[in-house]
file entry-v4.csv (CSV, N, CA and C atoms)
chain,number,residue,atom,x,y,z
F,87,GLN,N,-13.8,-52.1,18.6
F,87,GLN,CA,-13.7,-51.1,19.7
F,87,GLN,C,-14.6,-50.0,19.4
F,88,VAL,N,-15.4,-49.6,20.4
F,88,VAL,CA,-16.3,-48.5,20.3
F,88,VAL,C,-15.8,-47.3,21.0
F,89,GLN,N,-15.9,-46.1,20.3
F,89,GLN,CA,-15.6,-44.8,21.0
F,89,GLN,C,-16.7,-43.9,21.0
F,90,LEU,N,-16.9,-43.2,22.0
F,90,LEU,CA,-18.0,-42.3,22.2
F,90,LEU,C,-17.5,-40.9,22.5
F,91,VAL,N,-18.1,-39.9,21.8
F,91,VAL,CA,-17.7,-38.5,22.0
F,91,VAL,C,-18.9,-37.7,22.2
F,92,GLU,N,-19.0,-37.0,23.3
F,92,GLU,CA,-20.2,-36.2,23.6
F,92,GLU,C,-20.0,-34.8,23.2
F,93,SER,N,-21.1,-34.1,23.0
F,93,SER,CA,-21.1,-32.6,22.8
F,93,SER,C,-22.4,-32.1,23.2
F,94,GLY,N,-22.5,-30.7,23.4
F,94,GLY,CA,-23.7,-30.1,23.7
F,94,GLY,C,-24.0,-29.7,25.1
F,95,GLY,N,-23.1,-29.9,26.1
F,95,GLY,CA,-23.3,-29.5,27.4
F,95,GLY,C,-23.3,-28.0,27.6
F,96,GLY,N,-23.6,-27.6,28.8
F,96,GLY,CA,-23.5,-26.1,29.1
F,96,GLY,C,-24.5,-25.7,30.2
F,97,SER,N,-24.8,-24.5,30.2
F,97,SER,CA,-25.7,-23.9,31.2
F,97,SER,C,-27.1,-23.6,30.7
F,98,VAL,N,-28.1,-23.8,31.5
F,98,VAL,CA,-29.4,-23.6,31.1
F,98,VAL,C,-30.2,-23.2,32.4
F,99,GLN,N,-31.2,-22.4,32.2
F,99,GLN,CA,-32.1,-22.0,33.3
F,99,GLN,C,-33.1,-23.0,33.6
F,100,ALA,N,-33.6,-23.1,34.8
F,100,ALA,CA,-34.6,-24.1,35.2
F,100,ALA,C,-35.8,-23.8,34.3
F,101,GLY,N,-36.4,-25.0,33.9
F,101,GLY,CA,-37.6,-24.9,33.0
F,101,GLY,C,-37.2,-24.9,31.5
F,102,GLY,N,-36.0,-24.7,31.2
F,102,GLY,CA,-35.5,-24.7,29.8
F,102,GLY,C,-35.2,-26.1,29.3
F,103,SER,N,-34.6,-26.1,28.1
F,103,SER,CA,-34.3,-27.3,27.4
F,103,SER,C,-32.8,-27.3,27.0
F,104,LEU,N,-32.3,-28.5,26.8
F,104,LEU,CA,-30.9,-28.7,26.4
F,104,LEU,C,-30.8,-30.0,25.7
F,105,THR,N,-30.0,-30.1,24.7
F,105,THR,CA,-29.8,-31.4,24.0
F,105,THR,C,-28.3,-31.8,24.0
F,106,LEU,N,-28.0,-33.0,24.4
F,106,LEU,CA,-26.7,-33.5,24.4
F,106,LEU,C,-26.6,-34.5,23.2
F,107,SER,N,-25.5,-34.6,22.6
F,107,SER,CA,-25.3,-35.5,21.5
F,107,SER,C,-24.1,-36.4,21.7
F,108,CYS,N,-24.1,-37.6,21.2
F,108,CYS,CA,-23.0,-38.5,21.4
F,108,CYS,C,-22.7,-39.2,20.0
F,109,GLU,N,-21.5,-39.0,19.5
F,109,GLU,CA,-21.1,-39.6,18.3
F,109,GLU,C,-20.5,-41.0,18.6
F,110,VAL,N,-21.0,-42.0,17.9
F,110,VAL,CA,-20.5,-43.4,18.1
F,110,VAL,C,-19.6,-43.8,17.0
F,111,SER,N,-18.4,-44.1,17.3
F,111,SER,CA,-17.4,-44.7,16.3
F,111,SER,C,-17.2,-46.2,16.6
F,112,GLY,N,-17.2,-47.0,15.5
F,112,GLY,CA,-17.2,-48.4,15.7
F,112,GLY,C,-18.5,-49.0,15.6
F,113,SER,N,-18.6,-50.3,15.5
F,113,SER,CA,-19.9,-51.0,15.3
F,113,SER,C,-20.5,-51.5,16.6
F,114,LEU,N,-21.8,-51.2,16.7
F,114,LEU,CA,-22.5,-51.8,17.8
F,114,LEU,C,-23.3,-53.0,17.3
F,115,ASN,N,-23.0,-54.2,17.8
F,115,ASN,CA,-23.6,-55.4,17.4
F,115,ASN,C,-25.0,-55.6,18.0
F,116,ARG,N,-25.6,-56.7,17.7
F,116,ARG,CA,-26.9,-57.0,18.3
F,116,ARG,C,-26.8,-57.2,19.8
F,117,ASN,N,-27.9,-57.0,20.5
F,117,ASN,CA,-27.9,-57.2,22.0
F,117,ASN,C,-26.9,-56.2,22.6
F,118,THR,N,-26.9,-55.0,22.2
F,118,THR,CA,-26.1,-54.0,22.9
F,118,THR,C,-27.1,-52.8,23.3
F,119,TYR,N,-26.6,-52.1,24.3
F,119,TYR,CA,-27.4,-51.0,24.9
F,119,TYR,C,-26.6,-49.7,24.8
F,120,LEU,N,-27.3,-48.6,24.5
F,120,LEU,CA,-26.6,-47.3,24.3
F,120,LEU,C,-27.4,-46.3,25.0
F,121,GLY,N,-26.8,-45.4,25.9
F,121,GLY,CA,-27.6,-44.5,26.6
F,121,GLY,C,-26.8,-43.5,27.4
F,122,TRP,N,-27.5,-42.8,28.3
F,122,TRP,CA,-26.9,-41.7,29.0
F,122,TRP,C,-27.0,-41.9,30.5
F,123,PHE,N,-25.9,-41.5,31.2
F,123,PHE,CA,-25.8,-41.6,32.6
F,123,PHE,C,-25.4,-40.2,33.2
F,124,ARG,N,-25.5,-40.0,34.5
F,124,ARG,CA,-25.0,-38.8,35.0
F,124,ARG,C,-24.4,-39.0,36.4
F,125,GLN,N,-23.6,-38.1,36.8
F,125,GLN,CA,-22.9,-38.2,38.1
F,125,GLN,C,-22.6,-36.9,38.7
F,126,THR,N,-22.9,-36.8,40.0
F,126,THR,CA,-22.5,-35.6,40.8
F,126,THR,C,-21.2,-36.0,41.5
F,127,PRO,N,-20.2,-35.1,41.6
F,127,PRO,CA,-18.9,-35.5,42.3
F,127,PRO,C,-19.2,-36.0,43.7
F,128,GLY,N,-18.6,-37.1,44.0
F,128,GLY,CA,-18.8,-37.7,45.4
F,128,GLY,C,-20.0,-38.6,45.5
F,129,LYS,N,-20.8,-38.8,44.4
F,129,LYS,CA,-21.9,-39.7,44.4
F,129,LYS,C,-21.8,-40.7,43.3
F,130,GLU,N,-22.6,-41.8,43.4
F,130,GLU,CA,-22.5,-42.8,42.4
F,130,GLU,C,-23.1,-42.4,41.1
F,131,ARG,N,-22.6,-42.9,40.0
F,131,ARG,CA,-23.1,-42.6,38.7
F,131,ARG,C,-24.5,-43.3,38.5
F,132,GLU,N,-25.5,-42.6,37.9
F,132,GLU,CA,-26.8,-43.2,37.8
F,132,GLU,C,-27.3,-43.2,36.3
F,133,GLY,N,-28.1,-44.2,36.0
F,133,GLY,CA,-28.6,-44.3,34.7
F,133,GLY,C,-29.7,-43.2,34.5
F,134,VAL,N,-29.8,-42.7,33.3
F,134,VAL,CA,-30.8,-41.7,33.0
F,134,VAL,C,-31.8,-42.2,31.9
F,135,VAL,N,-31.3,-42.4,30.7
F,135,VAL,CA,-32.1,-43.0,29.7
F,135,VAL,C,-31.3,-43.9,28.8
F,136,VAL,N,-31.7,-45.1,28.5
F,136,VAL,CA,-31.0,-46.1,27.7
F,136,VAL,C,-31.8,-46.6,26.6
F,137,LEU,N,-31.2,-46.9,25.5
F,137,LEU,CA,-31.8,-47.5,24.3
F,137,LEU,C,-31.3,-48.9,24.0
F,138,ASP,N,-32.3,-49.7,23.8
F,138,ASP,CA,-31.9,-51.1,23.3
F,138,ASP,C,-31.7,-51.0,21.8
F,139,THR,N,-30.5,-51.2,21.3
F,139,THR,CA,-30.2,-51.0,19.9
F,139,THR,C,-30.9,-52.0,19.0
F,140,ASP,N,-31.4,-53.1,19.5
F,140,ASP,CA,-32.1,-54.0,18.6
F,140,ASP,C,-33.5,-53.5,18.3
F,141,GLY,N,-34.3,-53.1,19.2
F,141,GLY,CA,-35.6,-52.8,19.0
F,141,GLY,C,-36.0,-51.4,19.2
F,142,ASP,N,-34.9,-50.6,19.6
F,142,ASP,CA,-35.2,-49.2,19.9
F,142,ASP,C,-36.1,-49.0,21.1
F,143,PHE,N,-36.1,-50.0,22.0
F,143,PHE,CA,-36.9,-49.9,23.2
F,143,PHE,C,-36.1,-49.0,24.2
F,144,THR,N,-36.8,-48.1,25.0
F,144,THR,CA,-36.1,-47.3,25.9
F,144,THR,C,-36.4,-47.6,27.3
F,145,TYR,N,-35.4,-47.3,28.2
F,145,TYR,CA,-35.5,-47.5,29.6
F,145,TYR,C,-35.2,-46.1,30.2
F,146,THR,N,-36.1,-45.6,31.1
F,146,THR,CA,-36.0,-44.2,31.6
F,146,THR,C,-36.1,-44.2,33.1
F,147,ALA,N,-35.1,-43.5,33.8
F,147,ALA,CA,-35.2,-43.4,35.2
F,147,ALA,C,-36.4,-42.6,35.6
F,148,ASP,N,-37.0,-43.0,36.8
F,148,ASP,CA,-38.2,-42.3,37.3
F,148,ASP,C,-38.0,-40.8,37.4
F,149,SER,N,-36.8,-40.4,37.8
F,149,SER,CA,-36.5,-39.0,38.1
F,149,SER,C,-36.6,-38.1,36.9
F,150,VAL,N,-36.6,-38.7,35.7
F,150,VAL,CA,-36.6,-37.8,34.5
F,150,VAL,C,-37.7,-38.2,33.5
F,151,LYS,N,-38.6,-39.1,33.9
F,151,LYS,CA,-39.6,-39.6,33.0
F,151,LYS,C,-40.5,-38.4,32.6
F,152,GLY,N,-40.8,-38.4,31.3
F,152,GLY,CA,-41.7,-37.3,30.8
F,152,GLY,C,-40.9,-36.0,30.6
F,153,ARG,N,-39.6,-36.0,30.9
F,153,ARG,CA,-38.8,-34.8,30.7
F,153,ARG,C,-37.6,-35.0,29.8
F,154,PHE,N,-37.0,-36.2,29.9
F,154,PHE,CA,-35.8,-36.5,29.1
F,154,PHE,C,-36.1,-37.6,28.1
F,155,PHE,N,-35.6,-37.4,26.9
F,155,PHE,CA,-35.9,-38.4,25.8
F,155,PHE,C,-34.7,-38.7,25.1
F,156,ILE,N,-34.5,-40.0,24.7
F,156,ILE,CA,-33.4,-40.4,23.9
F,156,ILE,C,-33.8,-40.7,22.5
F,157,SER,N,-32.9,-40.4,21.5
F,157,SER,CA,-33.2,-40.7,20.1
F,157,SER,C,-31.9,-41.1,19.5
F,158,ARG,N,-32.0,-41.8,18.4
F,158,ARG,CA,-30.8,-42.3,17.7
F,158,ARG,C,-31.0,-41.9,16.2
F,159,ASP,N,-29.9,-41.4,15.6
F,159,ASP,CA,-29.8,-41.2,14.2
F,159,ASP,C,-28.9,-42.2,13.6
F,160,HIS,N,-29.5,-43.1,12.9
F,160,HIS,CA,-28.7,-44.2,12.3
F,160,HIS,C,-27.7,-43.7,11.2
F,161,THR,N,-28.2,-42.7,10.4
F,161,THR,CA,-27.4,-42.2,9.3
F,161,THR,C,-26.1,-41.5,9.8
F,162,LYS,N,-26.2,-40.8,10.9
F,162,LYS,CA,-25.1,-40.0,11.5
F,162,LYS,C,-24.4,-40.8,12.6
F,163,ASN,N,-24.9,-42.0,12.9
F,163,ASN,CA,-24.4,-42.8,14.0
F,163,ASN,C,-24.2,-42.0,15.3
F,164,THR,N,-25.3,-41.3,15.7
F,164,THR,CA,-25.3,-40.5,16.9
F,164,THR,C,-26.5,-40.9,17.8
F,165,VAL,N,-26.4,-40.6,19.0
F,165,VAL,CA,-27.5,-40.8,20.0
F,165,VAL,C,-27.6,-39.5,20.8
F,166,SER,N,-28.8,-39.0,20.9
F,166,SER,CA,-29.0,-37.7,21.6
F,166,SER,C,-29.9,-37.8,22.8
F,167,LEU,N,-29.7,-36.9,23.7
F,167,LEU,CA,-30.5,-36.8,24.9
F,167,LEU,C,-31.1,-35.4,24.9
F,168,ARG,N,-32.5,-35.4,24.8
F,168,ARG,CA,-33.2,-34.2,24.8
F,168,ARG,C,-33.7,-34.0,26.2
F,169,MET,N,-33.3,-32.9,26.8
F,169,MET,CA,-33.7,-32.6,28.2
F,169,MET,C,-34.7,-31.4,28.2
F,170,LYS,N,-35.8,-31.7,28.7
F,170,LYS,CA,-36.9,-30.6,28.8
F,170,LYS,C,-37.3,-30.4,30.2
F,171,SER,N,-37.8,-29.2,30.5
F,171,SER,CA,-38.2,-28.8,31.8
F,171,SER,C,-37.2,-29.1,32.9
F,172,VAL,N,-36.0,-28.7,32.6
F,172,VAL,CA,-34.9,-29.1,33.5
F,172,VAL,C,-35.0,-28.4,34.8
F,173,LYS,N,-34.4,-29.1,35.8
F,173,LYS,CA,-34.5,-28.6,37.2
F,173,LYS,C,-33.0,-28.4,37.7
F,174,PRO,N,-32.8,-27.6,38.8
F,174,PRO,CA,-31.5,-27.5,39.3
F,174,PRO,C,-30.9,-28.8,39.7
F,175,GLU,N,-31.7,-29.8,40.2
F,175,GLU,CA,-31.2,-31.1,40.6
F,175,GLU,C,-30.7,-31.9,39.4
F,176,ASP,N,-31.0,-31.5,38.1
F,176,ASP,CA,-30.4,-32.1,37.0
F,176,ASP,C,-29.0,-31.7,36.7
F,177,THR,N,-28.5,-30.8,37.5
F,177,THR,CA,-27.1,-30.4,37.3
F,177,THR,C,-26.1,-31.6,37.6
F,178,ASP,N,-25.3,-32.0,36.6
F,178,ASP,CA,-24.5,-33.1,36.7
F,178,ASP,C,-23.5,-33.2,35.6
F,179,VAL,N,-22.6,-34.1,35.6
F,179,VAL,CA,-21.8,-34.4,34.4
F,179,VAL,C,-22.5,-35.6,33.8
F,180,TYR,N,-22.8,-35.5,32.5
F,180,TYR,CA,-23.5,-36.5,31.8
F,180,TYR,C,-22.6,-37.3,30.8
F,181,TYR,N,-22.8,-38.6,30.9
F,181,TYR,CA,-21.9,-39.5,30.1
F,181,TYR,C,-22.7,-40.3,29.1
F,182,CYS,N,-22.2,-40.5,28.0
F,182,CYS,CA,-22.7,-41.5,27.0
F,182,CYS,C,-22.0,-42.8,27.2
F,183,ALA,N,-22.8,-43.9,27.1
F,183,ALA,CA,-22.2,-45.2,27.4
F,183,ALA,C,-22.8,-46.3,26.5
F,184,ALA,N,-22.0,-47.3,26.3
F,184,ALA,CA,-22.5,-48.5,25.5
F,184,ALA,C,-22.0,-49.8,26.1
F,185,THR,N,-22.7,-50.8,25.8
F,185,THR,CA,-22.3,-52.2,26.3
F,185,THR,C,-21.7,-53.0,25.1
F,186,GLN,N,-21.0,-54.0,25.5
F,186,GLN,CA,-20.6,-55.1,24.5
F,186,GLN,C,-21.9,-55.9,24.4
F,187,PRO,N,-22.0,-56.8,23.4
F,187,PRO,CA,-23.2,-57.6,23.2
F,187,PRO,C,-23.5,-58.4,24.4
F,188,ARG,N,-24.6,-58.2,25.0
F,188,ARG,CA,-25.1,-59.0,26.2
F,188,ARG,C,-26.6,-58.7,26.4
F,189,LEU,N,-27.3,-59.6,27.0
F,189,LEU,CA,-28.7,-59.4,27.4
F,189,LEU,C,-28.7,-58.9,28.8
F,190,LEU,N,-29.5,-57.9,29.1
F,190,LEU,CA,-29.6,-57.3,30.4
F,190,LEU,C,-31.0,-57.3,30.9
F,191,THR,N,-31.2,-57.4,32.2
F,191,THR,CA,-32.5,-57.3,32.8
F,191,THR,C,-32.8,-55.8,32.8
F,192,SER,N,-34.1,-55.5,33.1
F,192,SER,CA,-34.5,-54.1,33.1
F,192,SER,C,-33.8,-53.3,34.2
F,193,LYS,N,-33.4,-54.0,35.3
F,193,LYS,CA,-32.7,-53.4,36.4
F,193,LYS,C,-31.3,-53.1,36.0
F,194,GLN,N,-30.7,-54.1,35.3
F,194,GLN,CA,-29.3,-54.0,34.9
F,194,GLN,C,-29.1,-52.9,33.8
F,195,VAL,N,-30.1,-52.6,33.0
F,195,VAL,CA,-29.9,-51.7,31.9
F,195,VAL,C,-29.5,-50.3,32.4
F,196,LEU,N,-30.0,-49.9,33.6
F,196,LEU,CA,-29.7,-48.5,34.1
F,196,LEU,C,-28.6,-48.6,35.1
F,197,ASP,N,-27.9,-49.7,35.3
F,197,ASP,CA,-26.8,-49.9,36.2
F,197,ASP,C,-25.5,-49.6,35.4
F,198,PRO,N,-24.7,-48.6,35.8
F,198,PRO,CA,-23.5,-48.2,35.1
F,198,PRO,C,-22.5,-49.4,35.1
F,199,ARG,N,-22.6,-50.3,36.0
F,199,ARG,CA,-21.6,-51.4,36.0
F,199,ARG,C,-21.8,-52.4,34.9
F,200,SER,N,-23.0,-52.2,34.1
F,200,SER,CA,-23.2,-53.1,33.0
F,200,SER,C,-22.5,-52.6,31.7
F,201,TYR,N,-21.9,-51.4,31.7
F,201,TYR,CA,-21.4,-50.7,30.5
F,201,TYR,C,-19.9,-50.8,30.4
F,202,ASP,N,-19.5,-50.9,29.1
F,202,ASP,CA,-18.1,-51.2,28.8
F,202,ASP,C,-17.4,-50.0,28.2
F,203,TYR,N,-18.1,-49.1,27.5
F,203,TYR,CA,-17.6,-48.0,26.8
F,203,TYR,C,-18.2,-46.7,27.3
F,204,TRP,N,-17.3,-45.7,27.5
F,204,TRP,CA,-17.8,-44.4,28.1
F,204,TRP,C,-17.2,-43.2,27.3
F,205,GLY,N,-18.0,-42.2,27.2
F,205,GLY,CA,-17.6,-41.0,26.7
F,205,GLY,C,-16.8,-40.2,27.8
F,206,GLN,N,-16.3,-39.0,27.4
F,206,GLN,CA,-15.5,-38.2,28.4
F,206,GLN,C,-16.3,-37.5,29.4
F,207,GLY,N,-17.6,-37.3,29.2
F,207,GLY,CA,-18.5,-36.6,30.1
F,207,GLY,C,-18.6,-35.1,29.7
F,208,ASN,N,-19.8,-34.6,29.9
F,208,ASN,CA,-20.1,-33.2,29.6
F,208,ASN,C,-20.9,-32.6,30.8
F,209,GLN,N,-20.5,-31.4,31.2
F,209,GLN,CA,-21.1,-30.8,32.3
F,209,GLN,C,-22.4,-30.1,31.9
F,210,VAL,N,-23.5,-30.3,32.7
F,210,VAL,CA,-24.7,-29.6,32.5
F,210,VAL,C,-25.1,-28.9,33.8
F,211,THR,N,-25.3,-27.6,33.7
F,211,THR,CA,-25.6,-26.8,34.9
F,211,THR,C,-26.9,-26.1,34.7
F,212,VAL,N,-27.8,-26.4,35.7
F,212,VAL,CA,-29.1,-25.8,35.6
F,212,VAL,C,-29.2,-24.7,36.7
F,213,SER,N,-29.5,-23.5,36.4
F,213,SER,CA,-29.6,-22.4,37.4
F,213,SER,C,-31.1,-22.1,37.7
F,214,SER,N,-31.3,-21.8,38.9
F,214,SER,CA,-32.7,-21.5,39.3
F,214,SER,C,-33.1,-20.1,39.1

call {"tool": "encode", "arguments": {"input": "entry-v4.csv", "output": "structure tokens"}}
result
Amino acid sequence: QVQLVESGGGSVQAGGSLTLSCEVSGSLNRNTYLGWFRQTPGKEREGVVVLDTDGDFTYTADSVKGRFFISRDHTKNTVSLRMKSVKPEDTDVYYCAATQPRLLTSKQVLDPRSYDYWGQGNQVTVSS
């Protein structure tokens, strides 16, 4: 069983930076994916940045390319989302998520329906 606990949300001004962290408890086997999603109340959850735990290959949504980056610390068993040049439209609840072992297409990787484990969510608010 995998458990995910996020930290680091809060408020930031447009153009600023913020880092979210997710502590992973339990083992992630081969062919699993670990990453970040976000959701505005009343809208569908969307993929932001995901990491392929086998090769550390990343998948990034077009809306955040060049601004959001994912990294993994194997010694601390954490995965982080570094958000740079944030915009008001980045205001959302951000979730850390992981899959059970499976192979996904590039389209499925950013689809929240592919994920089995979820963190509790952290609010990020960007003010203009």

call {"tool": "residues_around", "arguments": {"input": "entry-v4.csv", "residues": "Glu109 (chain F)", "least_positions_apart": "2", "cutoff": "8 Å", "atoms": "only C-alpha atoms", "output": "PyMOL selection string"}}
result
chain F and resi 90-92+107+111+162-165

call {"tool": "residues_around", "arguments": {"input": "entry-v4.csv", "residues": "region 104-106 of chain F", "least_positions_apart": "6", "cutoff": "10 Å", "atoms": "only C-alpha atoms", "output": "list in words"}}
result
Glu92, Ser93, Gly94, Gly95, Gly96, Ser97, Val98, Trp122, Phe154, Phe155, Ile156, Val165, Ser166, Leu167, Arg168, Met169, Lys170, Ser171, Val172, Tyr180, Tyr181, Cys182, Asn208, Val210 and Val212 of chain F

call {"tool": "closest_residue", "arguments": {"input": "entry-v4.csv", "among": "F:Val134, F:Val195, F:Ala184, F:Leu114", "to": "Thr146 (chain F)", "atoms": "all atoms listed in the file"}}
result
F:Val134

call {"tool": "atom_distance", "arguments": {"input": "entry-v4.csv", "atom1": "CA of Gly141 (chain F)", "atom2": "CA of Gln87 (chain F)"}}
result
22.0 Å

call {"tool": "select_by_dssp", "arguments": {"input": "entry-v4.csv", "residues": "region 104-196 of chain F", "states": "strand (DSSP E or B)", "output": "PyMOL selection string"}}
result
chain F and resi 104-111+119-125+132-138+143-146+154-159+164-169+178-184

call {"tool": "residues_around", "arguments": {"input": "entry-v4.csv", "residues": "region 115-119 of chain F", "least_positions_apart": "5", "cutoff": "5 Å", "atoms": "all atoms listed in the file", "output": "list in words"}}
result
Leu137, Asp138, Thr139, Ala184, Thr185, Gln186, Pro187 and Arg188 of chain F

call {"tool": "atom_distance", "arguments": {"input": "entry-v4.csv", "atom1": "CA of Val136 (chain F)", "atom2": "CA of Ser192 (chain F)"}}
result
10.3 Å

call {"tool": "decode", "arguments": {"input": "entry-v4.csv", "residues": "region 96-108 of chain F", "atoms": "N, CA, C and O atoms", "output": "compact mmCIF listing (two decimals), in the first residue's frame"}}
result
# COMPACT_ATOMS: atom_id res chain seq x y z
N GLY F 96 0.30 27.11 -0.45
CA GLY F 96 0.15 28.43 0.14
C GLY F 96 -0.15 29.48 -0.90
O GLY F 96 -0.62 29.17 -1.99
N SER F 97 0.15 30.73 -0.55
CA SER F 97 -0.12 31.86 -1.44
C SER F 97 1.17 32.41 -2.00
O SER F 97 2.20 32.45 -1.31
N VAL F 98 1.10 32.86 -3.24
CA VAL F 98 2.27 33.43 -3.90
C VAL F 98 1.78 34.47 -4.90
O VAL F 98 0.67 34.35 -5.44
N GLN F 99 2.59 35.47 -5.14
CA GLN F 99 2.24 36.50 -6.13
C GLN F 99 2.57 36.02 -7.53
O GLN F 99 3.52 35.23 -7.73
N ALA F 100 1.85 36.51 -8.50
CA ALA F 100 2.12 36.17 -9.89
C ALA F 100 3.56 36.50 -10.25
O ALA F 100 4.09 37.55 -9.84
N GLY F 101 4.18 35.57 -10.97
CA GLY F 101 5.59 35.73 -11.32
C GLY F 101 6.55 35.11 -10.34
O GLY F 101 7.75 34.96 -10.62
N GLY F 102 6.03 34.72 -9.18
CA GLY F 102 6.88 34.14 -8.15
C GLY F 102 7.03 32.64 -8.30
O GLY F 102 6.63 32.05 -9.32
N SER F 103 7.60 32.02 -7.27
CA SER F 103 7.88 30.58 -7.29
C SER F 103 7.36 29.93 -6.03
O SER F 103 7.24 30.59 -4.97
N LEU F 104 7.07 28.65 -6.13
CA LEU F 104 6.59 27.88 -4.99
C LEU F 104 6.95 26.43 -5.23
O LEU F 104 6.93 25.96 -6.38
N THR F 105 7.29 25.72 -4.16
CA THR F 105 7.62 24.30 -4.28
C THR F 105 6.69 23.47 -3.41
O THR F 105 6.50 23.77 -2.23
N LEU F 106 6.11 22.46 -4.01
CA LEU F 106 5.30 21.48 -3.30
C LEU F 106 6.12 20.20 -3.13
O LEU F 106 6.89 19.83 -4.02
N SER F 107 5.91 19.53 -2.02
CA SER F 107 6.62 18.28 -1.76
C SER F 107 5.63 17.18 -1.41
O SER F 107 4.58 17.44 -0.83
N CYS F 108 5.97 15.96 -1.79
CA CYS F 108 5.11 14.81 -1.51
C CYS F 108 5.99 13.69 -0.94
O CYS F 108 6.93 13.24 -1.59
